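**Q** My file is coords_1.cif. It has mmCIF, C-alpha atoms:
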```
data_upload
loop_
_atom_site.group_PDB
_atom_site.id
_atom_site.type_symbol
_atom_site.label_atom_id
_atom_site.label_comp_id
_atom_site.auth_asym_id
_atom_site.auth_seq_id
_atom_site.Cartn_x
_atom_site.Cartn_y
_atom_site.Cartn_z
ATOM 1 C CA MET A 1 -27.752 5.052 1.672
ATOM 2 C CA ALA A 2 -27.256 2.244 -0.827
ATOM 3 C CA LYS A 3 -23.551 3.108 -1.016
ATOM 4 C CA ILE A 4 -23.188 2.841 2.767
ATOM 5 C CA GLU A 5 -24.957 -0.532 2.786
ATOM 6 C CA SER A 6 -22.690 -1.762 0.003
ATOM 7 C CA GLU A 7 -19.570 -0.666 1.922
ATOM 8 C CA ASN A 8 -20.837 -2.403 5.067
ATOM 9 C CA LYS A 9 -21.399 -5.625 3.099
ATOM 10 C CA ASP A 10 -17.885 -5.429 1.651
ATOM 11 C CA ARG A 11 -16.425 -4.933 5.108
ATOM 12 C CA GLU A 12 -18.413 -7.867 6.442
ATOM 13 C CA LYS A 13 -17.174 -10.076 3.589
ATOM 14 C CA SER A 14 -13.587 -9.036 4.213
ATOM 15 C CA ARG A 15 -13.952 -9.851 7.935
ATOM 16 C CA VAL A 16 -15.352 -13.300 7.152
ATOM 17 C CA LEU A 17 -12.553 -13.888 4.645
ATOM 18 C CA PHE A 18 -9.911 -12.735 7.109
ATOM 19 C CA CYS A 19 -11.260 -14.990 9.873
ATOM 20 C CA SER A 20 -11.463 -17.952 7.477
ATOM 21 C CA VAL A 21 -7.849 -17.453 6.373
ATOM 22 C CA PHE A 22 -6.724 -17.233 10.011
ATOM 23 C CA PHE A 23 -8.642 -20.405 10.845
ATOM 24 C CA LEU A 24 -7.058 -22.358 7.977
ATOM 25 C CA LEU A 25 -3.591 -21.073 8.849
ATOM 26 C CA SER A 26 -4.101 -21.987 12.513
ATOM 27 C CA LEU A 27 -5.275 -25.478 11.566
ATOM 28 C CA ALA A 28 -2.308 -25.967 9.230
ATOM 29 C CA CYS A 29 0.118 -24.754 11.929
ATOM 30 C CA ILE A 30 -1.340 -27.231 14.430
ATOM 31 C CA VAL A 31 -1.097 -30.122 11.946
ATOM 32 C CA PHE A 32 2.529 -29.483 11.011
ATOM 33 C CA GLY A 33 3.439 -28.619 14.597
ATOM 34 C CA VAL A 34 2.128 -31.992 15.806
ATOM 35 C CA LEU A 35 3.873 -33.789 12.932
ATOM 36 C CA LEU A 36 7.135 -32.053 13.830
ATOM 37 C CA ILE A 37 6.801 -32.980 17.508
ATOM 38 C CA ALA A 38 6.113 -36.582 16.493
ATOM 39 C CA GLU A 39 9.365 -36.664 14.483
ATOM 40 C CA TYR A 40 11.362 -36.350 17.709
ATOM 41 C CA HIS A 41 9.902 -39.662 18.989
ATOM 42 C CA VAL A 42 9.370 -38.428 22.548
ATOM 43 C CA GLU A 43 7.477 -40.519 25.068
ATOM 44 C CA CYS A 44 3.680 -40.354 25.056
ATOM 45 C CA SER A 45 3.285 -38.026 28.061
ATOM 46 C CA ARG A 46 5.746 -35.482 26.676
ATOM 47 C CA PHE A 47 4.209 -35.730 23.236
ATOM 48 C CA LEU A 48 0.763 -34.932 24.666
ATOM 49 C CA PHE A 49 2.158 -32.063 26.768
ATOM 50 C CA TRP A 50 3.914 -30.329 23.871
ATOM 51 C CA THR A 51 0.993 -30.982 21.512
ATOM 52 C CA ILE A 52 -1.536 -29.477 23.925
ATOM 53 C CA LEU A 53 0.732 -26.512 24.716
ATOM 54 C CA PHE A 54 1.370 -25.782 21.038
ATOM 55 C CA THR A 55 -2.332 -26.118 20.157
ATOM 56 C CA VAL A 56 -3.360 -23.789 22.999
ATOM 57 C CA LEU A 57 -0.839 -21.128 21.879
ATOM 58 C CA ILE A 58 -2.078 -21.296 18.280
ATOM 59 C CA CYS A 59 -5.713 -21.055 19.454
ATOM 60 C CA ILE A 60 -4.908 -18.021 21.613
ATOM 61 C CA GLY A 61 -3.300 -16.385 18.596
ATOM 62 C CA TYR A 62 -6.389 -17.188 16.519
ATOM 63 C CA LEU A 63 -8.696 -15.597 19.102
ATOM 64 C CA PHE A 64 -6.566 -12.445 19.109
ATOM 65 C CA SER A 65 -6.643 -12.340 15.312
ATOM 66 C CA VAL A 66 -10.456 -12.584 15.266
ATOM 67 C CA ARG A 67 -10.640 -9.816 17.853
ATOM 68 C CA PHE A 68 -8.360 -7.573 15.774
ATOM 69 C CA VAL A 69 -10.462 -8.208 12.659
ATOM 70 C CA ILE A 70 -13.770 -7.487 14.417
ATOM 71 C CA ARG A 71 -12.413 -4.279 15.968
ATOM 72 C CA ARG A 72 -10.969 -3.191 12.584
ATOM 73 C CA LYS A 73 -7.394 -3.062 13.850
ATOM 74 C CA GLU A 74 -6.001 -3.679 10.386
ATOM 75 C CA THR A 75 -2.316 -3.146 11.183
ATOM 76 C CA LEU A 76 -2.341 -5.647 14.044
ATOM 77 C CA ALA A 77 -4.406 -8.139 12.039
ATOM 78 C CA LYS A 78 -2.038 -7.965 9.049
ATOM 79 C CA THR A 79 1.016 -8.256 11.275
ATOM 80 C CA LEU A 80 -0.441 -11.351 12.900
ATOM 81 C CA LEU A 81 -1.361 -12.739 9.473
ATOM 82 C CA SER A 82 2.240 -12.314 8.312
ATOM 83 C CA LEU A 83 3.509 -14.018 11.461
ATOM 84 C CA TYR A 84 1.124 -16.940 10.931
ATOM 85 C CA ILE A 85 2.252 -17.400 7.328
ATOM 86 C CA PHE A 86 5.888 -17.222 8.421
ATOM 87 C CA ALA A 87 5.279 -19.658 11.286
ATOM 88 C CA LEU A 88 3.582 -22.114 8.930
ATOM 89 C CA PHE A 89 6.452 -21.811 6.466
ATOM 90 C CA VAL A 90 9.011 -22.467 9.225
ATOM 91 C CA LEU A 91 7.045 -25.449 10.570
ATOM 92 C CA ILE A 92 6.763 -27.009 7.111
ATOM 93 C CA LEU A 93 10.456 -26.366 6.467
ATOM 94 C CA LEU A 94 11.531 -27.849 9.821
ATOM 95 C CA TYR A 95 9.297 -30.879 9.303
ATOM 96 C CA ILE A 96 10.755 -31.522 5.842
ATOM 97 C CA LEU A 97 14.324 -31.037 7.097
ATOM 98 C CA LYS A 98 13.776 -33.319 10.073
ATOM 99 C CA ARG A 99 11.954 -35.921 8.004
ATOM 100 C CA THR A 100 14.692 -36.026 5.358
ATOM 101 C CA GLY A 101 17.570 -36.195 7.863
ATOM 102 C CA PHE A 102 18.981 -32.715 7.274
ATOM 103 C CA PHE A 103 19.965 -32.062 10.893
ATOM 104 C CA ALA A 104 21.915 -35.326 11.039
ATOM 105 C CA VAL A 105 24.248 -34.217 8.232
ATOM 106 C CA LEU A 106 24.413 -30.519 9.074
ATOM 107 C CA ARG A 107 27.905 -30.635 10.614
ATOM 108 C CA ASP A 108 29.491 -32.700 7.852
ATOM 109 C CA GLU A 109 30.182 -30.662 4.706
ATOM 110 C CA LYS A 110 30.372 -33.678 2.371
ATOM 111 C CA LEU A 111 27.189 -35.238 3.740
ATOM 112 C CA LEU A 112 25.459 -31.843 3.542
ATOM 113 C CA GLN A 113 26.395 -31.427 -0.126
ATOM 114 C CA ALA A 114 25.173 -34.950 -0.848
ATOM 115 C CA TYR A 115 21.919 -34.172 0.964
ATOM 116 C CA LEU A 116 21.326 -30.982 -1.040
ATOM 117 C CA GLN A 117 22.055 -32.796 -4.294
ATOM 118 C CA GLY A 118 19.662 -35.596 -3.318
ATOM 119 C CA ALA A 119 16.944 -33.100 -2.452
ATOM 120 C CA GLY A 120 16.719 -32.150 -6.138
ATOM 121 C CA VAL A 121 14.739 -29.015 -6.909
ATOM 122 C CA TRP A 122 12.667 -28.981 -3.717
ATOM 123 C CA MET A 123 15.112 -27.120 -1.469
ATOM 124 C CA PRO A 124 15.840 -24.386 -4.051
ATOM 125 C CA LEU A 125 12.106 -24.014 -4.799
ATOM 126 C CA LEU A 126 11.329 -23.683 -1.099
ATOM 127 C CA TYR A 127 14.024 -21.028 -0.727
ATOM 128 C CA ILE A 128 12.811 -19.137 -3.801
ATOM 129 C CA LEU A 129 9.302 -19.178 -2.289
ATOM 130 C CA LEU A 130 10.674 -17.739 0.982
ATOM 131 C CA GLN A 131 12.430 -14.905 -0.870
ATOM 132 C CA PHE A 132 9.263 -14.220 -2.870
ATOM 133 C CA LEU A 133 7.093 -14.085 0.267
ATOM 134 C CA GLN A 134 9.493 -11.820 2.165
ATOM 135 C CA VAL A 135 8.975 -9.180 -0.526
ATOM 136 C CA VAL A 136 5.187 -9.410 -0.721
ATOM 137 C CA ILE A 137 4.003 -10.204 2.799
ATOM 138 C CA LEU A 138 6.548 -11.617 5.273
ATOM 139 C CA PRO A 139 8.238 -9.132 7.651
ATOM 140 C CA ILE A 140 11.701 -10.678 7.189
ATOM 141 C CA PRO A 141 14.727 -8.541 6.286
ATOM 142 C CA SER A 142 16.277 -9.888 3.078
ATOM 143 C CA ILE A 143 19.701 -9.956 4.762
ATOM 144 C CA VAL A 144 18.439 -12.637 7.188
ATOM 145 C CA SER A 145 17.048 -14.928 4.501
ATOM 146 C CA THR A 146 20.132 -14.344 2.328
ATOM 147 C CA ILE A 147 22.515 -15.378 5.125
ATOM 148 C CA ALA A 148 20.457 -18.538 5.638
ATOM 149 C CA GLY A 149 20.654 -19.251 1.902
ATOM 150 C CA ILE A 150 24.446 -18.863 1.844
ATOM 151 C CA ALA A 151 24.761 -21.372 4.692
ATOM 152 C CA LEU A 152 22.748 -23.886 2.622
ATOM 153 C CA PHE A 153 23.681 -23.285 -1.010
ATOM 154 C CA GLY A 154 26.782 -21.072 -1.113
ATOM 155 C CA ALA A 155 27.064 -17.517 -2.435
ATOM 156 C CA LEU A 156 26.503 -18.051 -6.170
ATOM 157 C CA LYS A 157 23.441 -20.317 -5.925
ATOM 158 C CA THR A 158 21.946 -18.106 -3.212
ATOM 159 C CA LEU A 159 22.369 -15.102 -5.512
ATOM 160 C CA ILE A 160 20.566 -16.900 -8.364
ATOM 161 C CA TYR A 161 17.726 -18.262 -6.208
ATOM 162 C CA SER A 162 17.299 -14.935 -4.379
ATOM 163 C CA LEU A 163 17.149 -13.001 -7.631
ATOM 164 C CA ILE A 164 14.384 -15.271 -8.954
ATOM 165 C CA GLY A 165 12.243 -15.032 -5.803
ATOM 166 C CA ILE A 166 12.853 -11.366 -5.025
ATOM 167 C CA MET A 167 12.429 -10.207 -8.626
ATOM 168 C CA LEU A 168 9.102 -12.058 -8.922
ATOM 169 C CA GLY A 169 7.978 -10.524 -5.626
ATOM 170 C CA SER A 170 9.091 -7.044 -6.715
ATOM 171 C CA PHE A 171 7.175 -7.225 -10.008
ATOM 172 C CA LEU A 172 4.083 -8.516 -8.199
ATOM 173 C CA ALA A 173 4.292 -5.637 -5.694
ATOM 174 C CA PHE A 174 4.552 -3.126 -8.570
ATOM 175 C CA TYR A 175 1.615 -4.804 -10.332
ATOM 176 C CA ILE A 176 -0.536 -4.614 -7.185
ATOM 177 C CA GLY A 177 0.188 -0.900 -6.869
ATOM 178 C CA ARG A 178 -0.401 -0.222 -10.573
ATOM 179 C CA LYS A 179 -3.534 -2.344 -11.161
ATOM 180 C CA LEU A 180 -5.235 -2.605 -7.759
ATOM 181 C CA GLY A 181 -4.438 0.871 -6.453
ATOM 182 C CA ASN A 182 -4.070 2.622 -3.134
ATOM 183 C CA LYS A 183 -6.514 0.481 -1.122
ATOM 184 C CA ALA A 184 -4.764 -2.773 -2.029
ATOM 185 C CA VAL A 185 -1.335 -1.357 -1.176
ATOM 186 C CA SER A 186 -2.700 0.058 2.078
ATOM 187 C CA TRP A 187 -3.945 -3.422 2.969
ATOM 188 C CA MET A 188 -0.603 -5.055 2.077
ATOM 189 C CA VAL A 189 1.822 -2.696 3.821
ATOM 190 C CA GLY A 190 -0.465 -0.984 6.351
ATOM 191 C CA ALA A 191 -2.243 2.357 6.062
ATOM 192 C CA GLU A 192 0.124 4.177 8.439
ATOM 193 C CA THR A 193 3.267 2.907 6.688
ATOM 194 C CA LEU A 194 1.857 3.828 3.289
ATOM 195 C CA LYS A 195 0.921 7.362 4.379
ATOM 196 C CA LYS A 196 4.339 7.841 5.977
ATOM 197 C CA TRP A 197 6.258 7.001 2.809
ATOM 198 C CA GLN A 198 3.809 8.834 0.557
ATOM 199 C CA ARG A 199 4.472 11.960 2.603
ATOM 200 C CA LYS A 200 8.213 11.390 2.302
ATOM 201 C CA LEU A 201 8.025 10.887 -1.461
ATOM 202 C CA LYS A 202 5.482 13.624 -2.205
ATOM 203 C CA GLY A 203 6.827 15.825 -4.978
ATOM 204 C CA LYS A 204 9.780 13.489 -5.660
ATOM 205 C CA ASP A 205 10.355 12.253 -9.200
ATOM 206 C CA ASN A 206 11.306 8.850 -10.567
ATOM 207 C CA LEU A 207 15.025 9.600 -10.366
ATOM 208 C CA PHE A 208 14.780 10.111 -6.622
ATOM 209 C CA LEU A 209 12.858 6.856 -6.170
ATOM 210 C CA SER A 210 15.527 5.125 -8.243
ATOM 211 C CA LEU A 211 18.257 6.422 -5.922
ATOM 212 C CA MET A 212 16.359 5.025 -2.934
ATOM 213 C CA PHE A 213 16.250 1.614 -4.610
ATOM 214 C CA LEU A 214 20.034 1.706 -5.063
ATOM 215 C CA LEU A 215 20.853 2.871 -1.532
ATOM 216 C CA PRO A 216 20.907 0.283 1.296
ATOM 217 C CA LEU A 217 18.521 0.120 4.274
ATOM 218 C CA PHE A 218 15.611 1.787 2.482
ATOM 219 C CA PRO A 219 12.508 -0.481 2.479
ATOM 220 C CA ASP A 220 12.791 -1.721 -1.117
ATOM 221 C CA ASP A 221 9.735 -3.931 -0.781
ATOM 222 C CA ILE A 222 7.486 -1.021 0.225
ATOM 223 C CA LEU A 223 9.074 1.124 -2.478
ATOM 224 C CA CYS A 224 8.014 -1.452 -5.103
ATOM 225 C CA PHE A 225 4.369 -0.968 -4.064
ATOM 226 C CA LEU A 226 4.817 2.816 -4.065
ATOM 227 C CA ALA A 227 6.450 2.719 -7.496
ATOM 228 C CA GLY A 228 3.288 1.028 -8.779
ATOM 229 C CA LEU A 229 1.251 3.937 -7.430
ATOM 230 C CA SER A 230 3.548 6.494 -9.060
ATOM 231 C CA THR A 231 3.886 7.536 -12.704
ATOM 232 C CA MET A 232 6.884 5.242 -13.177
ATOM 233 C CA SER A 233 6.533 3.066 -16.285
ATOM 234 C CA TRP A 234 6.910 -0.722 -16.369
ATOM 235 C CA GLY A 235 10.060 -0.418 -18.476
ATOM 236 C CA TYR A 236 11.733 2.120 -16.191
ATOM 237 C CA PHE A 237 10.825 0.099 -13.094
ATOM 238 C CA SER A 238 12.126 -3.128 -14.664
ATOM 239 C CA VAL A 239 15.514 -1.589 -15.464
ATOM 240 C CA ILE A 240 16.021 0.076 -12.083
ATOM 241 C CA ILE A 241 14.806 -2.890 -10.021
ATOM 242 C CA ILE A 242 17.016 -5.335 -11.923
ATOM 243 C CA ILE A 243 20.095 -3.117 -11.487
ATOM 244 C CA SER A 244 19.427 -2.390 -7.799
ATOM 245 C CA ARG A 245 18.561 -5.990 -6.842
ATOM 246 C CA VAL A 246 21.551 -7.480 -8.684
ATOM 247 C CA LEU A 247 23.949 -4.989 -7.071
ATOM 248 C CA ALA A 248 22.517 -5.336 -3.558
ATOM 249 C CA LEU A 249 22.259 -9.141 -3.592
ATOM 250 C CA SER A 250 25.687 -9.620 -5.193
ATOM 251 C CA LEU A 251 27.279 -7.380 -2.579
ATOM 252 C CA THR A 252 25.474 -9.198 0.246
ATOM 253 C CA CYS A 253 26.119 -12.745 -0.973
ATOM 254 C CA PHE A 254 29.795 -12.397 -1.829
ATOM 255 C CA SER A 255 30.635 -10.089 1.087
ATOM 256 C CA ILE A 256 29.244 -12.617 3.567
ATOM 257 C CA ASP A 257 31.044 -15.406 1.736
ATOM 258 C CA PHE A 258 34.454 -13.638 1.808
ATOM 259 C CA ILE A 259 34.293 -11.764 5.121
ATOM 260 C CA PRO A 260 33.826 -14.343 7.904
ATOM 261 C CA PHE A 261 31.882 -13.784 11.113
ATOM 262 C CA ASN A 262 34.140 -16.093 13.150
ATOM 263 C CA THR A 263 37.290 -13.918 13.138
ATOM 264 C CA TRP A 264 38.029 -10.661 14.924
ATOM 265 C CA TRP A 265 38.934 -8.829 11.724
ATOM 266 C CA GLY A 266 35.795 -10.089 9.972
ATOM 267 C CA ILE A 267 33.554 -8.896 12.799
ATOM 268 C CA THR A 268 35.390 -5.540 12.836
ATOM 269 C CA LEU A 269 34.912 -5.065 9.098
ATOM 270 C CA TRP A 270 31.218 -5.891 9.345
ATOM 271 C CA CYS A 271 30.736 -3.454 12.245
ATOM 272 C CA VAL A 272 32.425 -0.683 10.237
ATOM 273 C CA PHE A 273 30.407 -1.579 7.138
ATOM 274 C CA VAL A 274 27.070 -1.561 9.009
ATOM 275 C CA ALA A 275 27.978 1.738 10.733
ATOM 276 C CA LEU A 276 28.771 3.370 7.378
ATOM 277 C CA LEU A 277 25.542 2.117 5.803
ATOM 278 C CA THR A 278 23.490 3.282 8.791
ATOM 279 C CA THR A 279 25.125 6.714 8.691
ATOM 280 C CA LEU A 280 24.488 7.023 4.951
ATOM 281 C CA PHE A 281 20.855 6.003 5.415
ATOM 282 C CA ILE A 282 20.290 8.551 8.218
ATOM 283 C CA ILE A 283 21.898 11.375 6.215
ATOM 284 C CA VAL A 284 19.828 10.633 3.109
ATOM 285 C CA TYR A 285 16.604 10.039 5.047
ATOM 286 C CA LYS A 286 16.869 13.318 6.959
ATOM 287 C CA ASN A 287 17.738 15.332 3.855
ATOM 288 C CA LEU A 288 15.234 13.947 1.336
ATOM 289 C CA ASP A 289 13.837 17.368 0.443
ATOM 290 C CA LYS A 290 17.289 18.972 0.132
ATOM 291 C CA ILE A 291 18.516 16.194 -2.152
ATOM 292 C CA GLN A 292 15.406 16.514 -4.329
ATOM 293 C CA LYS A 293 15.937 20.286 -4.508
ATOM 294 C CA LYS A 294 19.510 19.786 -5.722
ATOM 295 C CA ILE A 295 18.288 17.307 -8.342
ATOM 296 C CA ASN A 296 15.722 19.854 -9.532
ATOM 297 C CA ASP A 297 18.382 22.604 -9.635
ATOM 298 C CA ILE A 298 20.673 20.420 -11.761
ATOM 299 C CA LYS A 299 17.799 19.669 -14.160
ATOM 300 C CA ALA A 300 16.886 23.366 -14.376
ATOM 301 C CA LYS A 301 20.493 24.322 -15.203
ATOM 302 C CA ARG A 302 20.631 21.695 -17.948
ATOM 303 C CA ARG A 303 17.382 22.998 -19.462
ATOM 304 C CA ALA A 304 18.732 26.572 -19.325
ATOM 305 C CA ARG A 305 21.911 25.551 -21.163
ATOM 306 C CA LYS A 306 19.861 23.892 -23.906
#
```
Please lay out the structure from this file as structure tokens.
**A**
Amino acid sequence: MAKIESENKDREKSRVLFCSVFFLLSLACIVFGVLLIAEYHVECSRFLFWTILFTVLICIGYLFSVRFVIRRKETLAKTLLSLYIFALFVLILLYILKRTGFFAVLRDEKLLQAYLQGAGVWMPLLYILLQFLQVVILPIPSIVSTIAGIALFGALKTLIYSLIGIMLGSFLAFYIGRKLGNKAVSWMVGAETLKKWQRKLKGKDNLFLSLMFLLPLFPDDILCFLAGLSTMSWGYFSVIIIISRVLALSLTCFSIDFIPFNTWWGITLWCVFVALLTTLFIIVYKNLDKIQKKINDIKAKRRARK
């Protein structure tokens, strides 16, 4: 009886915490949304219209979030939480860019370079934060944020900044899985998603998980959480995540930099490349058990020879 009461109190605390976080995020979104609207110096009537419309939309989202929390719809609540954090990040970023005159120099390469140099460490830090958040909580494919980084900083700097943010996020995800356990990971990635990948990886060893890190299109961010729940050591994880992230990000950054999207041959190459990656992913995903069996057979033969 006491255990049930304790669990009910914990659930009630988590609901209150969730609602409080949503309220603060909603308030912050409204503040930066209004500041952004004000930066466009529209006439008073239009300013009031867009401010009221934006505030109403945020409030509707907040009401839905409270409803999801009360009804224990964790997946929907977490998805909405991620969207709110992403929306706040975008609003802050747009406000800073508008305030500092970024959009005025966007089409001039020399002015853009001068702007980025004048921005000091703030732009790189903001980008590193985005890459960190997309690993831990934001539902943004890394390819999207990487393309945006290349447009701002170029391939080499994007690679460096992305590695810092994504590596920090990957180690944090592993730490959450290792120290906080199954419940924390379930809260971060969603119970259904966690169960799905646990079923897929059941009976698979560290080598197989390592191969999934190296292959494209697998959800590396979720795999970092799952690696923390597995028997994989910190040292082994560090080596494999560094190798896989460096290879994947280097390929992405320099491929995008050298293969343009504005030519017919560039678009053709990218279509072929994406088709090959998708095919490889489907083949591996559908044959997970067969691949693991072959790995086990190879290991057994090696043991027999010894």
**Q** Which residues would end up in the selection if the PyMOL selection byres ((chain A and resi 29) around 8) were applied here, given that I need the answer as a CSV table (one decimal) with C-alpha atoms, in the coordinates of the input?
**A**
```csv
chain,number,residue,atom,x,y,z
A,25,LEU,CA,-3.6,-21.1,8.8
A,26,SER,CA,-4.1,-22.0,12.5
A,27,LEU,CA,-5.3,-25.5,11.6
A,28,ALA,CA,-2.3,-26.0,9.2
A,30,ILE,CA,-1.3,-27.2,14.4
A,31,VAL,CA,-1.1,-30.1,11.9
A,32,PHE,CA,2.5,-29.5,11.0
A,33,GLY,CA,3.4,-28.6,14.6
A,58,ILE,CA,-2.1,-21.3,18.3
A,84,TYR,CA,1.1,-16.9,10.9
A,87,ALA,CA,5.3,-19.7,11.3
A,88,LEU,CA,3.6,-22.1,8.9
A,91,LEU,CA,7.0,-25.4,10.6
```
**Q** Since I can't run it myself right now, could you work out what the PyMOL selection byres ((chain A and resi 178-180) around 10) selects here and report it as a ChimeraX atom specification?
**A** /A:172-177,181-185,225-234
**Q** For CA of Trp265 in chain A and CA of Ile282 in chain A, quote the distance in Å rounded to one decimal.
**A** 25.7 Å
**Q** Let me have the centre and edge lengths of the axis-aligned box enclosing all listed atoms of range 183-195 of chain A with 8 Å padding on every side, in Å to one decimal, as lines of an AutoDock Vina configuration file.
**A**
```
center_x = -1.6
center_y = 1.2
center_z = 3.2
size_x = 25.8
size_y = 28.4
size_z = 26.5
```
**Q** At a cut-off of 10 Å around the point (11.3, 0.4, -5.8) (file coordinates), what residues fall inside when counting only C-alpha atoms? I'd like the answer as a PyMOL selection string.
**A** chain A and resi 170-171+173-174+206+209-214+218-228+232+237-238+240-241+244-245
**Q** Tell me which of A:Leu277, A:Cys44, A:Cys19, A:Leu156 sits closest to Leu63 in chain A, counting only C-alpha atoms.
**A**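 Looking at the shortest contact to Leu63 in chain A, the residue is A:Cys19.
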**Q** Hey, can you check how far CA of Ile164 in chain A sits from CA of Ser255 in chain A?
**A** 19.8 Å
**Q** Using the chain letters and numbers from the file, which residues does the PyMOL selection byres ((chain A and resi 67) around 12) grab, as a list in words?
**A**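 Selected by the PyMOL selection byres ((chain A and resi 67) around 12) here: Arg15, Phe18, Cys19, Phe22, Ile60, Gly61, Tyr62, Leu63, Phe64, Ser65, Val66, Phe68, Val69, Ile70, Arg71, Arg72, Lys73, Glu74, Leu76, Ala77 and Leu80 of chain A.
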**Q** Residues as selected, C-alpha atoms, written as a short mmCIF file (atom, residue, chain, number, x, y, z; two decimals), in the coordinates of the input, can you do that?
**A**
```
data_model
loop_
_atom_site.label_atom_id
_atom_site.label_comp_id
_atom_site.auth_asym_id
_atom_site.auth_seq_id
_atom_site.Cartn_x
_atom_site.Cartn_y
_atom_site.Cartn_z
CA ARG A 15 -13.95 -9.85 7.94
CA PHE A 18 -9.91 -12.74 7.11
CA CYS A 19 -11.26 -14.99 9.87
CA PHE A 22 -6.72 -17.23 10.01
CA ILE A 60 -4.91 -18.02 21.61
CA GLY A 61 -3.30 -16.39 18.60
CA TYR A 62 -6.39 -17.19 16.52
CA LEU A 63 -8.70 -15.60 19.10
CA PHE A 64 -6.57 -12.44 19.11
CA SER A 65 -6.64 -12.34 15.31
CA VAL A 66 -10.46 -12.58 15.27
CA PHE A 68 -8.36 -7.57 15.77
CA VAL A 69 -10.46 -8.21 12.66
CA ILE A 70 -13.77 -7.49 14.42
CA ARG A 71 -12.41 -4.28 15.97
CA ARG A 72 -10.97 -3.19 12.58
CA LYS A 73 -7.39 -3.06 13.85
CA GLU A 74 -6.00 -3.68 10.39
CA LEU A 76 -2.34 -5.65 14.04
CA ALA A 77 -4.41 -8.14 12.04
CA LEU A 80 -0.44 -11.35 12.90
#
```
**Q** Do you know which residues are at most 9 Å from Ile147 in chain A counting all atoms listed in the file, after dropping those on the same chain fewer than 3 positions away, and could you put them as a list in words?
**A**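 Here the qualifying residues turn out to be Ser142, Ile143, Val144, Ile150, Ala151, Leu152, Thr158, Thr252, Cys253 and Ile256 of chain A.
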**Q** Could you state the separation of CA of Lys293 in chain A and CA of Ile242 in chain A in Å, given to one decimal place?
**A**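 The value is 26.7 Å.
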**Q** Hey, which of A:Cys59, A:Leu36, A:Thr146, A:Trp50 ends up closest to Ile96 in chain A? Count all atoms listed in the file.
**A**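 Residue with the minimum atom-to-atom distance to Ile96 in chain A: A:Leu36.
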**Q** Just checking: using all atoms listed in the file, which residue out of A:Asp297, A:Val274, A:Gly235, A:Asn287 ends up closest to Leu201 in chain A?
**A** A:Asn287
**Q** Determine, counting all atoms listed in the file, which protein, DNA and RNA residues have an atom within 10 Å of an atom of Leu163 in chain A; residues of the same chain fewer than 5 positions away are not included. Present the result as a ChimeraX atom specification.
**A** /A:128,131-132,157-158,168-169,242,245-246,249-250
**Q** Which residues are near Ile137 in chain A? Cut-off 7 Å, all atoms listed in the file, ignore same chain within fewer than 2 positions. Put them as JSON, numbers by chain.
**A** {"A": [82, 133, 134, 135, 139, 188]}
**Q** Pick the closest to Phe86 in chain A from A:Trp270, A:Tyr161, A:Ala300, A:Leu129: which is it, counting all atoms listed in the file?
**A**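 Ranked by minimum distance to Phe86 in chain A, first place goes to A:Leu129.
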**Q** From the list A:Ser145, A:Phe153, A:Val136, A:Leu24, which residue is nearest Pro124 in chain A when using only C-alpha atoms?
**A**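 Among the listed residues, A:Phe153 lies closest to Pro124 in chain A.
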**Q** For Arg99 in chain A, please output as a PDB file with C-alpha atoms, in the coordinates of the input all residues within 10 Å (counting all atoms listed in the file; exclusion window: fewer than 5 positions along the same chain).
**A**
```pdb
ATOM      1  CA  LEU A  35       3.873 -33.789  12.932  1.00  0.00           C
ATOM      2  CA  LEU A  36       7.135 -32.053  13.830  1.00  0.00           C
ATOM      3  CA  GLU A  39       9.365 -36.664  14.483  1.00  0.00           C
ATOM      4  CA  TYR A  40      11.362 -36.350  17.709  1.00  0.00           C
ATOM      5  CA  LEU A  93      10.456 -26.366   6.467  1.00  0.00           C
ATOM      6  CA  LEU A  94      11.531 -27.849   9.821  1.00  0.00           C
TER       7      LEU A  94
END
```
